[in-house]
file run-v5.pdb (PDB, N, CA and C atoms)
ATOM      1  N   MET A   1     -11.397   2.230 -29.248
ATOM      2  CA  MET A   1     -10.086   2.861 -29.352
ATOM      3  C   MET A   1     -10.180   3.988 -30.364
ATOM      4  N   GLU A   2      -9.529   5.044 -30.057
ATOM      5  CA  GLU A   2      -9.583   6.246 -30.880
ATOM      6  C   GLU A   2      -8.609   6.152 -32.046
ATOM      7  N   SER A   3      -9.056   6.546 -33.224
ATOM      8  CA  SER A   3      -8.169   6.556 -34.392
ATOM      9  C   SER A   3      -7.546   7.934 -34.524
ATOM     10  N   THR A   4      -6.250   7.951 -34.758
ATOM     11  CA  THR A   4      -5.545   9.214 -34.962
ATOM     12  C   THR A   4      -4.553   9.056 -36.092
ATOM     13  N   ILE A   5      -4.382  10.132 -36.792
ATOM     14  CA  ILE A   5      -3.393  10.148 -37.853
ATOM     15  C   ILE A   5      -2.116  10.729 -37.263
ATOM     16  N   ILE A   6      -1.060   9.971 -37.365
ATOM     17  CA  ILE A   6       0.217  10.395 -36.809
ATOM     18  C   ILE A   6       0.921  11.249 -37.852
ATOM     19  N   THR A   7       1.229  12.483 -37.440
ATOM     20  CA  THR A   7       1.823  13.413 -38.388
ATOM     21  C   THR A   7       3.306  13.691 -38.127
ATOM     22  N   SER A   8       3.808  13.231 -36.981
ATOM     23  CA  SER A   8       5.220  13.478 -36.701
ATOM     24  C   SER A   8       5.805  12.337 -35.872
ATOM     25  N   GLU A   9       7.113  12.310 -35.848
ATOM     26  CA  GLU A   9       7.804  11.285 -35.061
ATOM     27  C   GLU A   9       7.552  11.475 -33.571
ATOM     28  N   SER A  10       7.428  12.713 -33.137
ATOM     29  CA  SER A  10       7.203  12.969 -31.710
ATOM     30  C   SER A  10       5.839  12.429 -31.278
ATOM     31  N   GLN A  11       4.833  12.531 -32.138
ATOM     32  CA  GLN A  11       3.529  11.956 -31.811
ATOM     33  C   GLN A  11       3.632  10.436 -31.706
ATOM     34  N   LEU A  12       4.360   9.837 -32.632
ATOM     35  CA  LEU A  12       4.554   8.399 -32.618
ATOM     36  C   LEU A  12       5.289   7.976 -31.341
ATOM     37  N   GLU A  13       6.278   8.744 -30.968
ATOM     38  CA  GLU A  13       7.041   8.441 -29.755
ATOM     39  C   GLU A  13       6.146   8.512 -28.515
ATOM     40  N   VAL A  14       5.300   9.512 -28.443
ATOM     41  CA  VAL A  14       4.365   9.653 -27.315
ATOM     42  C   VAL A  14       3.433   8.451 -27.249
ATOM     43  N   ILE A  15       2.903   8.037 -28.383
ATOM     44  CA  ILE A  15       1.984   6.892 -28.430
ATOM     45  C   ILE A  15       2.708   5.613 -28.012
ATOM     46  N   ILE A  16       3.893   5.416 -28.504
ATOM     47  CA  ILE A  16       4.666   4.217 -28.153
ATOM     48  C   ILE A  16       4.969   4.200 -26.654
ATOM     49  N   ASN A  17       5.345   5.338 -26.104
ATOM     50  CA  ASN A  17       5.633   5.412 -24.670
ATOM     51  C   ASN A  17       4.399   5.096 -23.835
ATOM     52  N   ARG A  18       3.243   5.602 -24.253
ATOM     53  CA  ARG A  18       2.001   5.297 -23.525
ATOM     54  C   ARG A  18       1.689   3.809 -23.563
ATOM     55  N   VAL A  19       1.844   3.196 -24.725
ATOM     56  CA  VAL A  19       1.580   1.763 -24.870
ATOM     57  C   VAL A  19       2.543   0.963 -23.998
ATOM     58  N   LEU A  20       3.828   1.335 -24.020
ATOM     59  CA  LEU A  20       4.823   0.633 -23.210
ATOM     60  C   LEU A  20       4.528   0.777 -21.714
ATOM     61  N   GLU A  21       4.162   1.971 -21.273
ATOM     62  CA  GLU A  21       3.828   2.196 -19.863
ATOM     63  C   GLU A  21       2.626   1.354 -19.454
ATOM     64  N   ASN A  22       1.612   1.325 -20.315
ATOM     65  CA  ASN A  22       0.410   0.543 -20.036
ATOM     66  C   ASN A  22       0.746  -0.939 -19.940
ATOM     67  N   ASN A  23       1.551  -1.443 -20.875
ATOM     68  CA  ASN A  23       1.943  -2.851 -20.846
ATOM     69  C   ASN A  23       2.783  -3.174 -19.615
ATOM     70  N   LEU A  24       3.661  -2.256 -19.207
ATOM     71  CA  LEU A  24       4.485  -2.457 -18.026
ATOM     72  C   LEU A  24       3.608  -2.531 -16.771
ATOM     73  N   GLU A  25       2.623  -1.650 -16.681
ATOM     74  CA  GLU A  25       1.712  -1.680 -15.539
ATOM     75  C   GLU A  25       0.971  -3.016 -15.469
ATOM     76  N   ARG A  26       0.490  -3.506 -16.608
ATOM     77  CA  ARG A  26      -0.206  -4.800 -16.635
ATOM     78  C   ARG A  26       0.730  -5.932 -16.235
ATOM     79  N   LEU A  27       1.961  -5.890 -16.721
ATOM     80  CA  LEU A  27       2.944  -6.920 -16.396
ATOM     81  C   LEU A  27       3.247  -6.925 -14.894
ATOM     82  N   LEU A  28       3.423  -5.739 -14.315
ATOM     83  CA  LEU A  28       3.690  -5.644 -12.882
ATOM     84  C   LEU A  28       2.507  -6.149 -12.064
ATOM     85  N   GLU A  29       1.289  -5.854 -12.511
ATOM     86  CA  GLU A  29       0.092  -6.332 -11.819
ATOM     87  C   GLU A  29       0.006  -7.852 -11.879
ATOM     88  N   ARG A  30       0.307  -8.442 -13.028
ATOM     89  CA  ARG A  30       0.305  -9.907 -13.152
ATOM     90  C   ARG A  30       1.361 -10.528 -12.247
ATOM     91  N   GLN A  31       2.532  -9.895 -12.186
ATOM     92  CA  GLN A  31       3.600 -10.405 -11.334
ATOM     93  C   GLN A  31       3.187 -10.343  -9.872
ATOM     94  N   LYS A  32       2.523  -9.258  -9.499
ATOM     95  CA  LYS A  32       2.045  -9.128  -8.122
ATOM     96  C   LYS A  32       1.049 -10.238  -7.806
ATOM     97  N   GLN A  33       0.156 -10.531  -8.744
ATOM     98  CA  GLN A  33      -0.833 -11.569  -8.521
ATOM     99  C   GLN A  33      -0.181 -12.933  -8.342
ATOM    100  N   LYS A  34       0.932 -13.181  -9.027
ATOM    101  CA  LYS A  34       1.632 -14.459  -8.890
ATOM    102  C   LYS A  34       2.241 -14.597  -7.504
ATOM    103  N   ASN A  35       2.671 -13.491  -6.922
ATOM    104  CA  ASN A  35       3.340 -13.516  -5.621
ATOM    105  C   ASN A  35       2.381 -13.443  -4.443
ATOM    106  N   TRP A  36       1.099 -13.222  -4.695
ATOM    107  CA  TRP A  36       0.109 -13.112  -3.639
ATOM    108  C   TRP A  36      -0.836 -14.294  -3.738
ATOM    109  N   LYS A  37      -1.049 -14.970  -2.609
ATOM    110  CA  LYS A  37      -1.847 -16.197  -2.587
ATOM    111  C   LYS A  37      -2.930 -16.115  -1.517
ATOM    112  N   ARG A  38      -4.001 -16.861  -1.742
ATOM    113  CA  ARG A  38      -5.049 -17.019  -0.730
ATOM    114  C   ARG A  38      -4.631 -18.154   0.202
ATOM    115  N   ALA A  39      -5.286 -18.256   1.332
ATOM    116  CA  ALA A  39      -4.937 -19.271   2.334
ATOM    117  C   ALA A  39      -5.018 -20.678   1.745
ATOM    118  N   LYS A  40      -6.045 -20.945   0.940
ATOM    119  CA  LYS A  40      -6.191 -22.279   0.333
ATOM    120  C   LYS A  40      -4.984 -22.626  -0.534
ATOM    121  N   GLU A  41      -4.460 -21.636  -1.247
ATOM    122  CA  GLU A  41      -3.298 -21.874  -2.100
ATOM    123  C   GLU A  41      -2.043 -22.156  -1.264
ATOM    124  N   LEU A  42      -1.925 -21.476  -0.116
ATOM    125  CA  LEU A  42      -0.787 -21.730   0.768
ATOM    126  C   LEU A  42      -0.844 -23.149   1.324
ATOM    127  N   VAL A  43      -2.055 -23.644   1.595
ATOM    128  CA  VAL A  43      -2.230 -25.019   2.059
ATOM    129  C   VAL A  43      -1.660 -25.982   1.025
ATOM    130  N   GLU A  44      -1.977 -25.755  -0.239
ATOM    131  CA  GLU A  44      -1.499 -26.624  -1.313
ATOM    132  C   GLU A  44       0.018 -26.519  -1.494
ATOM    133  N   ILE A  45       0.549 -25.319  -1.395
ATOM    134  CA  ILE A  45       1.981 -25.103  -1.618
ATOM    135  C   ILE A  45       2.821 -25.722  -0.502
ATOM    136  N   PHE A  46       2.424 -25.486   0.764
ATOM    137  CA  PHE A  46       3.252 -25.899   1.898
ATOM    138  C   PHE A  46       2.812 -27.207   2.541
ATOM    139  N   GLY A  47       1.660 -27.721   2.160
ATOM    140  CA  GLY A  47       1.188 -28.984   2.718
ATOM    141  C   GLY A  47       0.777 -28.885   4.177
ATOM    142  N   GLU A  48       0.446 -27.698   4.627
ATOM    143  CA  GLU A  48      -0.023 -27.489   5.996
ATOM    144  C   GLU A  48      -1.543 -27.553   6.005
ATOM    145  N   SER A  49      -2.116 -27.759   7.167
ATOM    146  CA  SER A  49      -3.575 -27.754   7.253
ATOM    147  C   SER A  49      -4.088 -26.317   7.160
ATOM    148  N   ILE A  50      -5.348 -26.168   6.828
ATOM    149  CA  ILE A  50      -5.937 -24.823   6.732
ATOM    150  C   ILE A  50      -5.918 -24.147   8.098
ATOM    151  N   ALA A  51      -6.079 -24.931   9.170
ATOM    152  CA  ALA A  51      -6.034 -24.357  10.523
ATOM    153  C   ALA A  51      -4.655 -23.768  10.818
ATOM    154  N   THR A  52      -3.605 -24.482  10.430
ATOM    155  CA  THR A  52      -2.239 -23.987  10.648
ATOM    156  C   THR A  52      -1.985 -22.714   9.854
ATOM    157  N   VAL A  53      -2.393 -22.711   8.594
ATOM    158  CA  VAL A  53      -2.196 -21.523   7.754
ATOM    159  C   VAL A  53      -2.968 -20.336   8.335
ATOM    160  N   ASN A  54      -4.212 -20.549   8.720
ATOM    161  CA  ASN A  54      -5.009 -19.456   9.292
ATOM    162  C   ASN A  54      -4.413 -18.955  10.608
ATOM    163  N   ARG A  55      -3.891 -19.860  11.428
ATOM    164  CA  ARG A  55      -3.250 -19.462  12.685
ATOM    165  C   ARG A  55      -1.997 -18.632  12.394
ATOM    166  N   ASN A  56      -1.210 -19.078  11.411
ATOM    167  CA  ASN A  56      -0.007 -18.315  11.031
ATOM    168  C   ASN A  56      -0.371 -16.927  10.519
ATOM    169  N   ILE A  57      -1.421 -16.854   9.708
ATOM    170  CA  ILE A  57      -1.857 -15.551   9.192
ATOM    171  C   ILE A  57      -2.289 -14.647  10.341
ATOM    172  N   GLY A  58      -3.009 -15.219  11.297
ATOM    173  CA  GLY A  58      -3.424 -14.455  12.481
ATOM    174  C   GLY A  58      -2.233 -13.922  13.259
ATOM    175  N   GLN A  59      -1.207 -14.746  13.413
ATOM    176  CA  GLN A  59       0.003 -14.314  14.115
ATOM    177  C   GLN A  59       0.767 -13.274  13.299
ATOM    178  N   MET A  60       0.753 -13.417  11.981
ATOM    179  CA  MET A  60       1.407 -12.426  11.123
ATOM    180  C   MET A  60       0.731 -11.069  11.260
ATOM    181  N   LYS A  61      -0.597 -11.065  11.380
ATOM    182  CA  LYS A  61      -1.346  -9.805  11.518
ATOM    183  C   LYS A  61      -0.960  -9.063  12.788
ATOM    184  N   LYS A  62      -0.614  -9.809  13.833
ATOM    185  CA  LYS A  62      -0.264  -9.199  15.123
ATOM    186  C   LYS A  62       1.156  -8.650  15.145
ATOM    187  N   ASP A  63       1.990  -9.102  14.236
ATOM    188  CA  ASP A  63       3.387  -8.681  14.190
ATOM    189  C   ASP A  63       3.531  -7.465  13.275
ATOM    190  N   ALA A  64       4.168  -6.426  13.778
ATOM    191  CA  ALA A  64       4.302  -5.173  13.014
ATOM    192  C   ALA A  64       5.028  -5.379  11.691
ATOM    193  N   TYR A  65       6.056  -6.231  11.689
ATOM    194  CA  TYR A  65       6.821  -6.447  10.461
ATOM    195  C   TYR A  65       6.041  -7.304   9.461
ATOM    196  N   PHE A  66       5.488  -8.411   9.909
ATOM    197  CA  PHE A  66       4.833  -9.348   8.990
ATOM    198  C   PHE A  66       3.451  -8.892   8.537
ATOM    199  N   LYS A  67       2.890  -7.916   9.221
ATOM    200  CA  LYS A  67       1.568  -7.397   8.847
ATOM    201  C   LYS A  67       1.564  -6.839   7.421
ATOM    202  N   GLN A  68       2.695  -6.333   6.978
ATOM    203  CA  GLN A  68       2.796  -5.737   5.634
ATOM    204  C   GLN A  68       2.603  -6.770   4.525
ATOM    205  N   PHE A  69       2.734  -8.048   4.847
ATOM    206  CA  PHE A  69       2.620  -9.101   3.846
ATOM    207  C   PHE A  69       1.186  -9.616   3.680
ATOM    208  N   ILE A  70       0.244  -8.972   4.350
ATOM    209  CA  ILE A  70      -1.164  -9.368   4.246
ATOM    210  C   ILE A  70      -1.934  -8.213   3.638
ATOM    211  N   ASP A  71      -2.668  -8.517   2.584
ATOM    212  CA  ASP A  71      -3.479  -7.507   1.907
ATOM    213  C   ASP A  71      -4.936  -7.912   2.051
ATOM    214  N   LYS A  72      -5.647  -7.234   2.934
ATOM    215  CA  LYS A  72      -7.059  -7.534   3.151
ATOM    216  C   LYS A  72      -7.865  -6.703   2.159
ATOM    217  N   GLN A  73      -8.449  -7.377   1.181
ATOM    218  CA  GLN A  73      -9.127  -6.670   0.107
ATOM    219  C   GLN A  73     -10.617  -6.456   0.385
ATOM    220  N   SER A  74     -11.194  -7.264   1.243
ATOM    221  CA  SER A  74     -12.584  -7.076   1.644
ATOM    222  C   SER A  74     -12.781  -7.792   2.973
ATOM    223  N   GLY A  75     -14.017  -7.883   3.424
ATOM    224  CA  GLY A  75     -14.309  -8.494   4.716
ATOM    225  C   GLY A  75     -13.746  -9.887   4.879
ATOM    226  N   LYS A  76     -13.930 -10.738   3.897
ATOM    227  CA  LYS A  76     -13.467 -12.113   4.014
ATOM    228  C   LYS A  76     -12.324 -12.453   3.062
ATOM    229  N   PHE A  77     -12.039 -11.595   2.128
ATOM    230  CA  PHE A  77     -11.030 -11.899   1.112
ATOM    231  C   PHE A  77      -9.718 -11.223   1.458
ATOM    232  N   GLN A  78      -8.694 -12.030   1.665
ATOM    233  CA  GLN A  78      -7.355 -11.493   1.905
ATOM    234  C   GLN A  78      -6.352 -12.339   1.151
ATOM    235  N   VAL A  79      -5.276 -11.708   0.740
ATOM    236  CA  VAL A  79      -4.201 -12.427   0.069
ATOM    237  C   VAL A  79      -2.916 -12.195   0.854
ATOM    238  N   ILE A  80      -2.049 -13.197   0.786
ATOM    239  CA  ILE A  80      -0.814 -13.168   1.547
ATOM    240  C   ILE A  80       0.353 -13.239   0.576
ATOM    241  N   ASN A  81       1.342 -12.406   0.807
ATOM    242  CA  ASN A  81       2.532 -12.410  -0.031
ATOM    243  C   ASN A  81       3.298 -13.699   0.218
ATOM    244  N   LEU A  82       3.568 -14.436  -0.849
ATOM    245  CA  LEU A  82       4.202 -15.737  -0.746
ATOM    246  C   LEU A  82       5.588 -15.642  -0.099
ATOM    247  N   GLU A  83       6.388 -14.680  -0.518
ATOM    248  CA  GLU A  83       7.730 -14.522   0.049
ATOM    249  C   GLU A  83       7.650 -14.128   1.525
ATOM    250  N   GLY A  84       6.690 -13.293   1.870
ATOM    251  CA  GLY A  84       6.507 -12.902   3.268
ATOM    252  C   GLY A  84       6.097 -14.079   4.136
ATOM    253  N   TYR A  85       5.235 -14.957   3.597
ATOM    254  CA  TYR A  85       4.814 -16.141   4.345
ATOM    255  C   TYR A  85       5.996 -17.091   4.540
ATOM    256  N   LYS A  86       6.807 -17.248   3.492
ATOM    257  CA  LYS A  86       8.005 -18.090   3.617
ATOM    258  C   LYS A  86       8.931 -17.533   4.699
ATOM    259  N   GLU A  87       9.105 -16.223   4.694
ATOM    260  CA  GLU A  87       9.973 -15.577   5.683
ATOM    261  C   GLU A  87       9.413 -15.769   7.094
ATOM    262  N   TYR A  88       8.090 -15.672   7.234
ATOM    263  CA  TYR A  88       7.459 -15.881   8.537
ATOM    264  C   TYR A  88       7.711 -17.306   9.033
ATOM    265  N   ARG A  89       7.513 -18.289   8.149
ATOM    266  CA  ARG A  89       7.735 -19.688   8.529
ATOM    267  C   ARG A  89       9.187 -19.913   8.943
ATOM    268  N   LYS A  90      10.106 -19.283   8.229
ATOM    269  CA  LYS A  90      11.533 -19.420   8.544
ATOM    270  C   LYS A  90      11.829 -18.825   9.924
ATOM    271  N   SER A  91      11.294 -17.635  10.203
ATOM    272  CA  SER A  91      11.553 -17.006  11.499
ATOM    273  C   SER A  91      10.900 -17.803  12.627
ATOM    274  N   LYS A  92       9.737 -18.374  12.356
ATOM    275  CA  LYS A  92       9.049 -19.197  13.352
ATOM    276  C   LYS A  92       9.879 -20.447  13.663
ATOM    277  N   LYS A  93      10.443 -21.052  12.632
ATOM    278  CA  LYS A  93      11.274 -22.231  12.793
ATOM    279  C   LYS A  93      12.534 -21.896  13.599
ATOM    280  N   GLU A  94      13.157 -20.761  13.285
ATOM    281  CA  GLU A  94      14.367 -20.349  13.987
ATOM    282  C   GLU A  94      14.087 -20.058  15.467
ATOM    283  N   SER A  95      12.968 -19.398  15.750
ATOM    284  CA  SER A  95      12.646 -19.104  17.144
ATOM    285  C   SER A  95      12.314 -20.389  17.907
ATOM    286  N   TYR A  96      11.745 -21.365  17.238
ATOM    287  CA  TYR A  96      11.478 -22.667  17.869
ATOM    288  C   TYR A  96      12.791 -23.359  18.211
ATOM    289  N   LYS A  97      13.756 -23.324  17.292
ATOM    290  CA  LYS A  97      15.058 -23.957  17.537
ATOM    291  C   LYS A  97      15.781 -23.290  18.701
ATOM    292  N   LYS A  98      15.661 -21.959  18.821
ATOM    293  CA  LYS A  98      16.307 -21.241  19.908
ATOM    294  C   LYS A  98      15.698 -21.609  21.259
ATOM    295  N   SER A  99      14.406 -21.913  21.239
ATOM    296  CA  SER A  99      13.720 -22.228  22.492
ATOM    297  C   SER A  99      14.072 -23.616  23.023
ATOM    298  N   LEU A 100      14.658 -24.459  22.178
ATOM    299  CA  LEU A 100      15.008 -25.825  22.623
ATOM    300  C   LEU A 100      16.241 -25.855  23.494
TER     301      LEU A 100
END

call {"tool": "encode", "arguments": {"input": "run-v5.pdb", "output": "structure tokens"}}
result
Amino acid sequence: MESTIITSESQLEVIINRVLENNLERLLERQKQKNWKRAKELVEIFGESIATVNRNIGQMKKDAYFKQFIDKQSGKFQVINLEGYKEYRKSKKESYKKSL
């Protein structure tokens, strides 16, 4: 870290704003990580089998709206937005009820 002598209030204000912006970015990134889960984590949260979760993710990928809730970070690593997965399950349940 670079040492600087602060000679005015405006310099101090600039430094404080940079620190606050940096901390806000880190906080937002941590919050994003909390809301994004891997398939194994969804299995634990919802009590579904890994096959069911993977099938749901596959169906979400095919849907234009739900595709936005999947973040494929590499060939095998993908994370799913928890709220988006909940919404998908809800819509799937509703469409099943309508079909009865």

call {"tool": "select_by_dssp", "arguments": {"input": "run-v5.pdb", "residues": "chain A", "states": "helix (DSSP H, G or I)", "output": "ChimeraX atom specification"}}
result
/A:9-35,39-46,50-62,66-69,82-99

call {"tool": "residues_around", "arguments": {"input": "run-v5.pdb", "residues": "region 61-72 of chain A", "least_positions_apart": "6", "cutoff": "6.5 Å", "atoms": "only N, CA and C atoms", "output": "MDAnalysis selection string"}}
result
chainID A and resid 78:81 84:85

call {"tool": "axis_aligned_box", "arguments": {"input": "run-v5.pdb", "around": "region 43-59 of chain A", "padding_each_side": "5 Å", "output": "JSON"}}
result
{"center_x": -1.4, "center_y": -21.1, "center_z": 6.2, "size_x": 19.3, "size_y": 25.7, "size_z": 25.7}

call {"tool": "atom_distance", "arguments": {"input": "run-v5.pdb", "atom1": "CA of Tyr88 (chain A)", "atom2": "CA of Asn56 (chain A)"}}
result
8.2 Å

call {"tool": "resolve_selection", "arguments": {"input": "run-v5.pdb", "expression": "the PyMOL selection byres ((chain A and resi 34-42) around 6.5)", "output": "ChimeraX atom specification"}}
result
/A:29-33,43-48,53,78-83

call {"tool": "atom_distance", "arguments": {"input": "run-v5.pdb", "atom1": "CA of Lys90 (chain A)", "atom2": "CA of Ser74 (chain A)"}}
result
28.0 Å
